[in-house]
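Source file: my_file-v4.txt. Holds: compact mmCIF, N, CA, C and O atoms.
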# COMPACT_ATOMS: atom_id res chain seq x y z
N MET A 1 0.85 -1.17 0.00
CA MET A 1 0.00 0.00 0.00
C MET A 1 0.90 1.23 0.00
O MET A 1 1.80 1.36 0.82
N LYS A 2 0.62 2.13 -0.90
CA LYS A 2 1.36 3.38 -0.99
C LYS A 2 0.67 4.41 -0.10
O LYS A 2 -0.53 4.59 -0.15
N LEU A 3 1.47 5.10 0.74
CA LEU A 3 0.92 6.10 1.66
C LEU A 3 1.43 7.48 1.29
O LEU A 3 2.64 7.70 1.19
N ASN A 4 0.51 8.39 1.07
CA ASN A 4 0.83 9.79 0.82
C ASN A 4 0.38 10.57 2.06
O ASN A 4 -0.81 10.65 2.34
N LEU A 5 1.34 11.14 2.79
CA LEU A 5 1.05 11.78 4.07
C LEU A 5 1.44 13.25 4.01
O LEU A 5 2.56 13.57 3.61
N ARG A 6 0.52 14.13 4.39
CA ARG A 6 0.79 15.57 4.40
C ARG A 6 0.39 16.16 5.75
O ARG A 6 -0.60 15.74 6.35
N PHE A 7 1.16 17.15 6.18
CA PHE A 7 0.88 17.88 7.41
C PHE A 7 0.62 19.33 7.05
O PHE A 7 1.42 19.95 6.34
N LEU A 8 -0.49 19.88 7.52
CA LEU A 8 -0.82 21.28 7.30
C LEU A 8 -0.87 22.01 8.64
O LEU A 8 -1.61 21.62 9.54
N ARG A 9 -0.07 23.07 8.76
CA ARG A 9 0.01 23.87 9.98
C ARG A 9 0.26 23.00 11.22
O ARG A 9 -0.30 23.22 12.28
N MET A 10 1.10 21.99 11.02
CA MET A 10 1.47 21.08 12.09
C MET A 10 2.87 20.57 11.80
O MET A 10 3.21 20.35 10.64
N PRO A 11 3.71 20.38 12.81
CA PRO A 11 5.09 19.95 12.54
C PRO A 11 5.16 18.54 11.96
O PRO A 11 4.51 17.62 12.45
N ASP A 12 5.94 18.42 10.90
CA ASP A 12 6.16 17.13 10.25
C ASP A 12 7.38 16.47 10.89
O ASP A 12 8.46 16.43 10.31
N THR A 13 7.21 15.97 12.10
CA THR A 13 8.31 15.36 12.83
C THR A 13 8.32 13.85 12.57
O THR A 13 7.33 13.26 12.14
N ARG A 14 9.44 13.24 12.84
CA ARG A 14 9.58 11.79 12.67
C ARG A 14 8.64 11.04 13.61
O ARG A 14 8.08 10.00 13.26
N LYS A 15 8.43 11.58 14.81
CA LYS A 15 7.55 10.94 15.79
C LYS A 15 6.10 10.92 15.27
O LYS A 15 5.43 9.89 15.33
N ASN A 16 5.63 12.06 14.76
CA ASN A 16 4.26 12.12 14.22
C ASN A 16 4.11 11.21 13.00
O ASN A 16 3.12 10.50 12.86
N ARG A 17 5.09 11.22 12.13
CA ARG A 17 5.04 10.40 10.92
C ARG A 17 5.04 8.91 11.28
O ARG A 17 4.27 8.13 10.71
N ASN A 18 5.87 8.50 12.23
CA ASN A 18 5.91 7.09 12.65
C ASN A 18 4.59 6.65 13.27
O ASN A 18 4.12 5.54 13.02
N LEU A 19 4.01 7.51 14.07
CA LEU A 19 2.73 7.18 14.72
C LEU A 19 1.65 6.93 13.67
O LEU A 19 0.92 5.93 13.73
N ILE A 20 1.56 7.79 12.69
CA ILE A 20 0.54 7.64 11.65
C ILE A 20 0.81 6.41 10.80
O ILE A 20 -0.10 5.64 10.48
N GLU A 21 2.08 6.20 10.44
CA GLU A 21 2.41 5.03 9.62
C GLU A 21 2.13 3.72 10.36
O GLU A 21 1.66 2.76 9.76
N GLN A 22 2.38 3.68 11.67
CA GLN A 22 2.10 2.47 12.45
C GLN A 22 0.61 2.20 12.52
O GLN A 22 0.17 1.05 12.39
N GLU A 23 -0.18 3.24 12.73
CA GLU A 23 -1.63 3.04 12.83
C GLU A 23 -2.23 2.63 11.48
O GLU A 23 -3.12 1.79 11.43
N LEU A 24 -1.74 3.22 10.40
CA LEU A 24 -2.28 2.88 9.08
C LEU A 24 -1.73 1.56 8.55
O LEU A 24 -2.25 1.01 7.58
N ALA A 25 -0.67 1.05 9.16
CA ALA A 25 -0.11 -0.24 8.74
C ALA A 25 -1.11 -1.38 8.96
O ALA A 25 -1.04 -2.41 8.28
N VAL A 26 -2.01 -1.20 9.88
CA VAL A 26 -3.05 -2.21 10.13
C VAL A 26 -3.90 -2.42 8.88
O VAL A 26 -4.35 -3.52 8.59
N LEU A 27 -4.10 -1.35 8.12
CA LEU A 27 -4.93 -1.43 6.93
C LEU A 27 -4.24 -2.16 5.78
O LEU A 27 -4.88 -2.54 4.81
N GLU A 28 -2.93 -2.36 5.86
CA GLU A 28 -2.20 -3.06 4.80
C GLU A 28 -2.62 -4.51 4.68
O GLU A 28 -2.39 -5.14 3.65
N GLN A 29 -3.23 -5.05 5.71
CA GLN A 29 -3.68 -6.44 5.68
C GLN A 29 -4.85 -6.62 4.72
O GLN A 29 -5.11 -7.73 4.27
N THR A 30 -5.55 -5.55 4.41
CA THR A 30 -6.67 -5.61 3.48
C THR A 30 -6.11 -5.58 2.06
O THR A 30 -5.50 -4.60 1.66
N PRO A 31 -6.30 -6.65 1.29
CA PRO A 31 -5.66 -6.72 -0.03
C PRO A 31 -6.25 -5.77 -1.07
O PRO A 31 -5.59 -5.45 -2.05
N SER A 32 -7.47 -5.30 -0.88
CA SER A 32 -8.11 -4.47 -1.89
C SER A 32 -7.66 -3.00 -1.84
O SER A 32 -7.97 -2.25 -2.74
N ILE A 33 -6.91 -2.60 -0.82
CA ILE A 33 -6.47 -1.22 -0.70
C ILE A 33 -5.19 -1.03 -1.51
O ILE A 33 -4.18 -1.69 -1.26
N ARG A 34 -5.26 -0.14 -2.49
CA ARG A 34 -4.09 0.12 -3.35
C ARG A 34 -3.24 1.26 -2.81
O ARG A 34 -2.02 1.21 -2.89
N ALA A 35 -3.87 2.32 -2.31
CA ALA A 35 -3.13 3.49 -1.83
C ALA A 35 -3.94 4.19 -0.75
O ALA A 35 -5.16 4.02 -0.65
N ALA A 36 -3.24 4.97 0.05
CA ALA A 36 -3.89 5.75 1.11
C ALA A 36 -3.32 7.17 1.10
O ALA A 36 -2.12 7.36 0.88
N GLU A 37 -4.18 8.12 1.32
CA GLU A 37 -3.77 9.52 1.41
C GLU A 37 -4.30 10.07 2.73
O GLU A 37 -5.49 9.98 3.01
N ALA A 38 -3.39 10.62 3.53
CA ALA A 38 -3.77 11.17 4.83
C ALA A 38 -3.31 12.61 4.92
O ALA A 38 -2.16 12.93 4.59
N VAL A 39 -4.20 13.48 5.38
CA VAL A 39 -3.89 14.88 5.59
C VAL A 39 -4.17 15.20 7.05
O VAL A 39 -5.31 15.07 7.52
N VAL A 40 -3.12 15.59 7.77
CA VAL A 40 -3.24 15.95 9.18
C VAL A 40 -3.15 17.46 9.27
O VAL A 40 -2.22 18.06 8.74
N GLU A 41 -4.11 18.06 9.96
CA GLU A 41 -4.19 19.52 9.98
C GLU A 41 -4.49 20.02 11.39
O GLU A 41 -5.28 19.42 12.11
N HIS A 42 -3.84 21.09 11.73
CA HIS A 42 -4.11 21.79 12.98
C HIS A 42 -4.64 23.17 12.60
O HIS A 42 -3.86 24.10 12.40
N PRO A 43 -5.98 23.32 12.48
CA PRO A 43 -6.53 24.59 12.01
C PRO A 43 -6.15 25.76 12.92
O PRO A 43 -5.99 25.60 14.13
N GLU A 44 -6.01 26.92 12.31
CA GLU A 44 -5.72 28.12 13.08
C GLU A 44 -6.89 28.44 14.01
O GLU A 44 -8.04 28.18 13.69
N GLN A 45 -6.56 29.00 15.16
CA GLN A 45 -7.56 29.42 16.13
C GLN A 45 -8.37 28.25 16.68
O GLN A 45 -9.50 28.42 17.13
N ASP A 46 -7.83 27.04 16.60
CA ASP A 46 -8.55 25.86 17.07
C ASP A 46 -7.54 24.96 17.79
O ASP A 46 -6.41 24.80 17.36
N VAL A 47 -7.96 24.35 18.89
CA VAL A 47 -7.05 23.50 19.65
C VAL A 47 -7.12 22.04 19.19
O VAL A 47 -6.26 21.25 19.54
N SER A 48 -8.12 21.69 18.41
CA SER A 48 -8.26 20.30 17.98
C SER A 48 -7.45 20.04 16.71
O SER A 48 -7.12 20.93 15.94
N ILE A 49 -7.15 18.76 16.50
CA ILE A 49 -6.43 18.29 15.32
C ILE A 49 -7.42 17.58 14.43
O ILE A 49 -8.30 16.86 14.90
N ARG A 50 -7.28 17.76 13.13
CA ARG A 50 -8.20 17.16 12.17
C ARG A 50 -7.40 16.26 11.23
O ARG A 50 -6.30 16.61 10.82
N ILE A 51 -7.96 15.09 10.90
CA ILE A 51 -7.33 14.19 9.95
C ILE A 51 -8.36 13.77 8.92
O ILE A 51 -9.55 13.60 9.24
N ARG A 52 -7.90 13.64 7.69
CA ARG A 52 -8.74 13.16 6.60
C ARG A 52 -7.98 12.05 5.92
O ARG A 52 -6.86 12.26 5.43
N VAL A 53 -8.55 10.85 5.89
CA VAL A 53 -7.90 9.68 5.28
C VAL A 53 -8.76 9.22 4.11
O VAL A 53 -9.97 9.03 4.25
N LYS A 54 -8.11 9.05 2.98
CA LYS A 54 -8.79 8.59 1.77
C LYS A 54 -8.09 7.33 1.29
O LYS A 54 -6.89 7.32 1.05
N LEU A 55 -8.85 6.24 1.18
CA LEU A 55 -8.32 4.97 0.72
C LEU A 55 -8.76 4.72 -0.71
O LEU A 55 -9.93 4.89 -1.05
N ASP A 56 -7.83 4.31 -1.54
CA ASP A 56 -8.12 3.98 -2.93
C ASP A 56 -8.36 2.48 -3.00
O ASP A 56 -7.43 1.68 -2.92
N VAL A 57 -9.63 2.11 -3.10
CA VAL A 57 -10.01 0.70 -3.15
C VAL A 57 -10.86 0.45 -4.38
O VAL A 57 -11.35 1.38 -5.02
N ALA A 58 -11.00 -0.81 -4.72
CA ALA A 58 -11.85 -1.18 -5.85
C ALA A 58 -13.29 -0.78 -5.55
O ALA A 58 -13.78 -0.97 -4.45
N GLY A 59 -13.94 -0.18 -6.51
CA GLY A 59 -15.32 0.25 -6.31
C GLY A 59 -15.44 1.70 -5.90
O GLY A 59 -16.53 2.17 -5.62
N GLY A 60 -14.35 2.42 -5.84
CA GLY A 60 -14.39 3.83 -5.48
C GLY A 60 -13.69 4.10 -4.17
O GLY A 60 -13.48 3.20 -3.36
N PRO A 61 -13.30 5.35 -3.96
CA PRO A 61 -12.55 5.69 -2.73
C PRO A 61 -13.42 5.67 -1.48
O PRO A 61 -14.62 5.87 -1.55
N VAL A 62 -12.76 5.41 -0.36
CA VAL A 62 -13.42 5.45 0.94
C VAL A 62 -12.75 6.57 1.73
O VAL A 62 -11.52 6.60 1.87
N VAL A 63 -13.55 7.51 2.24
CA VAL A 63 -13.02 8.68 2.93
C VAL A 63 -13.56 8.72 4.35
O VAL A 63 -14.75 8.48 4.58
N ALA A 64 -12.67 9.04 5.30
CA ALA A 64 -13.07 9.20 6.70
C ALA A 64 -12.38 10.43 7.26
O ALA A 64 -11.21 10.69 6.95
N GLU A 65 -13.11 11.17 8.07
CA GLU A 65 -12.56 12.35 8.74
C GLU A 65 -12.81 12.23 10.22
O GLU A 65 -13.82 11.65 10.64
N ALA A 66 -11.90 12.80 11.00
CA ALA A 66 -12.06 12.79 12.45
C ALA A 66 -11.41 14.04 13.02
O ALA A 66 -10.53 14.64 12.40
N ARG A 67 -11.85 14.41 14.22
CA ARG A 67 -11.32 15.59 14.91
C ARG A 67 -11.28 15.30 16.40
O ARG A 67 -12.24 14.79 16.98
N ASP A 68 -10.13 15.60 16.99
CA ASP A 68 -9.96 15.42 18.43
C ASP A 68 -8.77 16.26 18.87
O ASP A 68 -8.16 16.96 18.07
N TYR A 69 -8.42 16.14 20.15
CA TYR A 69 -7.37 17.00 20.71
C TYR A 69 -5.98 16.41 20.67
O TYR A 69 -5.01 17.12 20.81
N THR A 70 -5.85 15.10 20.48
CA THR A 70 -4.52 14.48 20.37
C THR A 70 -4.44 13.70 19.07
O THR A 70 -5.45 13.24 18.53
N LEU A 71 -3.24 13.55 18.58
CA LEU A 71 -3.03 12.85 17.31
C LEU A 71 -3.44 11.39 17.41
O LEU A 71 -4.05 10.84 16.50
N ARG A 72 -3.14 10.75 18.52
CA ARG A 72 -3.49 9.34 18.70
C ARG A 72 -5.02 9.14 18.71
O ARG A 72 -5.54 8.22 18.10
N ALA A 73 -5.74 10.03 19.38
CA ALA A 73 -7.20 9.93 19.43
C ALA A 73 -7.81 10.18 18.05
O ALA A 73 -8.78 9.51 17.66
N VAL A 74 -7.26 11.11 17.32
CA VAL A 74 -7.76 11.40 15.97
C VAL A 74 -7.56 10.18 15.07
O VAL A 74 -8.47 9.81 14.32
N LEU A 75 -6.40 9.57 15.16
CA LEU A 75 -6.14 8.38 14.35
C LEU A 75 -7.07 7.23 14.72
O LEU A 75 -7.57 6.52 13.84
N ARG A 76 -7.29 7.05 16.00
CA ARG A 76 -8.17 5.97 16.45
C ARG A 76 -9.59 6.17 15.89
O ARG A 76 -10.21 5.23 15.40
N LYS A 77 -10.09 7.40 15.94
CA LYS A 77 -11.43 7.68 15.43
C LYS A 77 -11.50 7.49 13.91
O LYS A 77 -12.47 6.92 13.39
N ALA A 78 -10.48 7.97 13.20
CA ALA A 78 -10.48 7.84 11.74
C ALA A 78 -10.42 6.38 11.31
O ALA A 78 -11.15 5.96 10.40
N LEU A 79 -9.58 5.59 11.97
CA LEU A 79 -9.49 4.16 11.63
C LEU A 79 -10.78 3.42 11.95
O LEU A 79 -11.18 2.52 11.22
N GLN A 80 -11.43 3.81 13.02
CA GLN A 80 -12.71 3.19 13.37
C GLN A 80 -13.75 3.48 12.28
O GLN A 80 -14.49 2.59 11.86
N ASN A 81 -13.78 4.73 11.80
CA ASN A 81 -14.70 5.08 10.72
C ASN A 81 -14.37 4.33 9.44
O ASN A 81 -15.27 3.87 8.73
N LEU A 82 -13.08 4.21 9.12
CA LEU A 82 -12.68 3.49 7.91
C LEU A 82 -13.07 2.02 7.99
O LEU A 82 -13.58 1.45 7.02
N ARG A 83 -12.82 1.39 9.12
CA ARG A 83 -13.19 -0.03 9.27
C ARG A 83 -14.70 -0.22 9.11
O ARG A 83 -15.15 -1.18 8.48
N ARG A 84 -15.47 0.69 9.70
CA ARG A 84 -16.93 0.59 9.60
C ARG A 84 -17.37 0.73 8.14
O ARG A 84 -18.20 -0.05 7.65
N LYS A 85 -16.80 1.69 7.42
CA LYS A 85 -17.18 1.90 6.03
C LYS A 85 -16.75 0.73 5.14
O LYS A 85 -17.50 0.31 4.26
N LEU A 86 -15.56 0.19 5.38
CA LEU A 86 -15.12 -0.96 4.60
C LEU A 86 -15.96 -2.20 4.87
O LEU A 86 -16.27 -2.96 3.95
N SER A 87 -16.34 -2.42 6.13
CA SER A 87 -17.17 -3.59 6.43
C SER A 87 -18.56 -3.45 5.83
O SER A 87 -19.13 -4.43 5.33
N ARG A 88 -19.11 -2.24 5.85
CA ARG A 88 -20.42 -2.03 5.21
C ARG A 88 -20.34 -2.29 3.72
O ARG A 88 -21.25 -2.84 3.12
N ARG A 89 -19.22 -1.88 3.11
CA ARG A 89 -19.07 -2.08 1.68
C ARG A 89 -18.99 -3.57 1.35
O ARG A 89 -19.60 -4.03 0.38
N THR A 90 -18.27 -4.35 2.14
CA THR A 90 -18.17 -5.77 1.87
C THR A 90 -19.50 -6.48 2.17
O THR A 90 -19.86 -7.42 1.47
N GLN A 91 -20.23 -6.01 3.18
CA GLN A 91 -21.54 -6.60 3.46
C GLN A 91 -22.51 -6.32 2.32
O GLN A 91 -23.27 -7.19 1.92
N ARG A 92 -22.46 -5.10 1.80
CA ARG A 92 -23.34 -4.74 0.69
C ARG A 92 -23.01 -5.55 -0.55
O ARG A 92 -23.90 -5.94 -1.30
N ALA A 93 -21.74 -5.82 -0.77
CA ALA A 93 -21.33 -6.59 -1.95
C ALA A 93 -21.74 -8.06 -1.83
O ALA A 93 -21.98 -8.72 -2.84
N SER A 94 -21.84 -8.58 -0.61
CA SER A 94 -22.18 -9.99 -0.44
C SER A 94 -23.69 -10.24 -0.50
O SER A 94 -24.10 -11.39 -0.65
N ILE A 95 -24.49 -9.22 -0.39
CA ILE A 95 -25.95 -9.38 -0.45
C ILE A 95 -26.36 -9.63 -1.89
O ILE A 95 -25.94 -8.92 -2.80
N THR A 96 -27.20 -10.65 -2.09
CA THR A 96 -27.68 -10.91 -3.44
C THR A 96 -28.72 -9.86 -3.81
O THR A 96 -29.57 -9.49 -2.99
N PRO A 97 -28.64 -9.35 -5.02
CA PRO A 97 -29.59 -8.30 -5.41
C PRO A 97 -31.01 -8.85 -5.48
O PRO A 97 -31.24 -10.00 -5.87
N PHE A 98 -31.96 -8.04 -5.12
CA PHE A 98 -33.37 -8.40 -5.11
C PHE A 98 -33.98 -7.95 -6.43
O PHE A 98 -33.81 -6.80 -6.85
N ASP A 99 -34.66 -8.83 -7.09
CA ASP A 99 -35.31 -8.50 -8.36
C ASP A 99 -36.59 -7.73 -8.05
O ASP A 99 -37.54 -8.28 -7.49
N ARG A 100 -36.63 -6.48 -8.41
CA ARG A 100 -37.76 -5.62 -8.07
C ARG A 100 -38.87 -5.61 -9.12
O ARG A 100 -39.85 -4.88 -8.97
N ARG A 101 -38.71 -6.38 -10.16
CA ARG A 101 -39.77 -6.42 -11.17
C ARG A 101 -40.99 -7.15 -10.62
O ARG A 101 -40.88 -8.13 -9.90
N ARG A 102 -42.13 -6.67 -10.98
CA ARG A 102 -43.36 -7.31 -10.53
C ARG A 102 -43.62 -8.55 -11.38
O ARG A 102 -43.47 -8.54 -12.59
N GLN A 103 -43.99 -9.60 -10.70
CA GLN A 103 -44.29 -10.85 -11.39
C GLN A 103 -45.60 -11.38 -10.87
O GLN A 103 -45.93 -11.23 -9.70
N SER A 104 -46.33 -12.01 -11.74
CA SER A 104 -47.60 -12.60 -11.32
C SER A 104 -47.32 -13.87 -10.53
O SER A 104 -46.28 -14.51 -10.69
N LEU A 105 -48.26 -14.25 -9.70
CA LEU A 105 -48.08 -15.46 -8.90
C LEU A 105 -48.03 -16.70 -9.77
O LEU A 105 -47.34 -17.66 -9.45
N ALA A 106 -48.75 -16.69 -10.89
CA ALA A 106 -48.74 -17.84 -11.78
C ALA A 106 -47.33 -18.04 -12.36
O ALA A 106 -46.86 -19.15 -12.53
N ALA A 107 -46.66 -16.96 -12.67
CA ALA A 107 -45.32 -17.06 -13.26
C ALA A 107 -44.31 -17.54 -12.22
O ALA A 107 -43.37 -18.25 -12.55
N VAL A 108 -44.53 -17.18 -10.98
CA VAL A 108 -43.61 -17.57 -9.92
C VAL A 108 -43.77 -19.05 -9.60
O VAL A 108 -42.79 -19.75 -9.35
N ARG A 109 -45.00 -19.56 -9.61
CA ARG A 109 -45.26 -20.95 -9.26
C ARG A 109 -44.75 -21.92 -10.32
O ARG A 109 -44.41 -23.04 -10.02
N SER A 110 -44.76 -21.52 -11.55
CA SER A 110 -44.38 -22.48 -12.61
C SER A 110 -42.91 -22.52 -12.88
O SER A 110 -42.08 -22.13 -12.23
What is this file in structure tokens?
Amino acid sequence: MKLNLRFLRMPDTRKNRNLIEQELAVLEQTPSIRAAEAVVEHPEQDVSIRIRVKLDVAGGPVVAEARDYTLRAVLRKALQNLRRKLSRRTQRASITPFDRRRQSLAAVRS
């Protein structure tokens, strides 16, 4: 999995980068993820940290955003949202489609 990581108005230190890479390494176990893009931002005039993670998977991208006061808490929330969205996507794919066309009872019985 290719990771594109950007920091906006926040220090790009080795400690912050390692923390994010370790947390996102859990997602590498999912074979359908081709790339990940993460943007970590500390908005001006705000004490909270914001993260936006976009995963490039088959069937379209999956995006999750989170906001909290520490980097670890923000990552935990974002990963929780990503796991929930990925599991919903796989559940939706496993459901057999329902034929919504109207059919007469005689046609169904025969």
ask   = Which parts of chain A does DSSP call alpha helix (DSSP H) when run on the backbone here, written out as JSON, numbers by chain?
value = {"A": [14, 15, 16, 17, 18, 19, 20, 21, 22, 23, 24, 71, 72, 73, 74, 75, 76, 77, 78, 79, 80, 81, 82, 83, 84, 85, 86, 87, 88, 89, 90, 91, 92, 93, 94, 105, 106, 107, 108, 109]}
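With distances taken over only N, CA, C and O atoms, A:Arg76 is the one residue among A:Arg67, A:Arg89, A:Arg6, A:Arg76 lying closest to Glu23 in chain A.
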Quick one: of A:Leu82, A:Val47, A:Val53, A:Val62, who's nearest to Arg9 in chain A, counting only C-alpha atoms?
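The answer is A:Val47, which sits nearest to Arg9 in chain A.
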Separation of atom C of Lys54 in chain A and atom C of Ala38 in chain A, in Å?
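Atom-to-atom, atom C of Lys54 in chain A to atom C of Ala38 in chain A, that is 8.0 Å.
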note - atom N of Ile20 in chain A and atom C of Thr90 in chain A are separated by 27.5 Å
* At a cut-off of 5 Å from (-12.8, 8.1, 11.5) in the coordinates of the file, what residues are picked up using all atoms listed in the file, written as number ranges by chain? -> A: 64-66, 77-82
(message) I need the strand (DSSP E) residues of chain A per DSSP on the backbone, written as a count of residues only.
(response) 32
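Between His42 in chain A and the candidates A:Met1, A:Pro11, A:Thr30, A:Leu55, the tightest atom-to-atom separation, counting only N, CA, C and O atoms, involves A:Pro11.
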In Å, with one decimal, what is the gap from CA of Leu75 in chain A to atom C of Pro61 in chain A?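 Computing it gives 17.6 Å between the two atoms.
Closest approach to Pro31 in chain A among A:Ala58, A:Val63, A:Leu86, A:Ile49: A:Ala58, based on all atoms listed in the file.
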inquiry  = Could you check which residues have any atom within 12 Å of (-8.0, 25.9, 13.3), counting only C-alpha atoms with coordinates taken straight from the file, and then list them as number ranges by chain?
reply    = A: 8-10, 40-50, 67-69
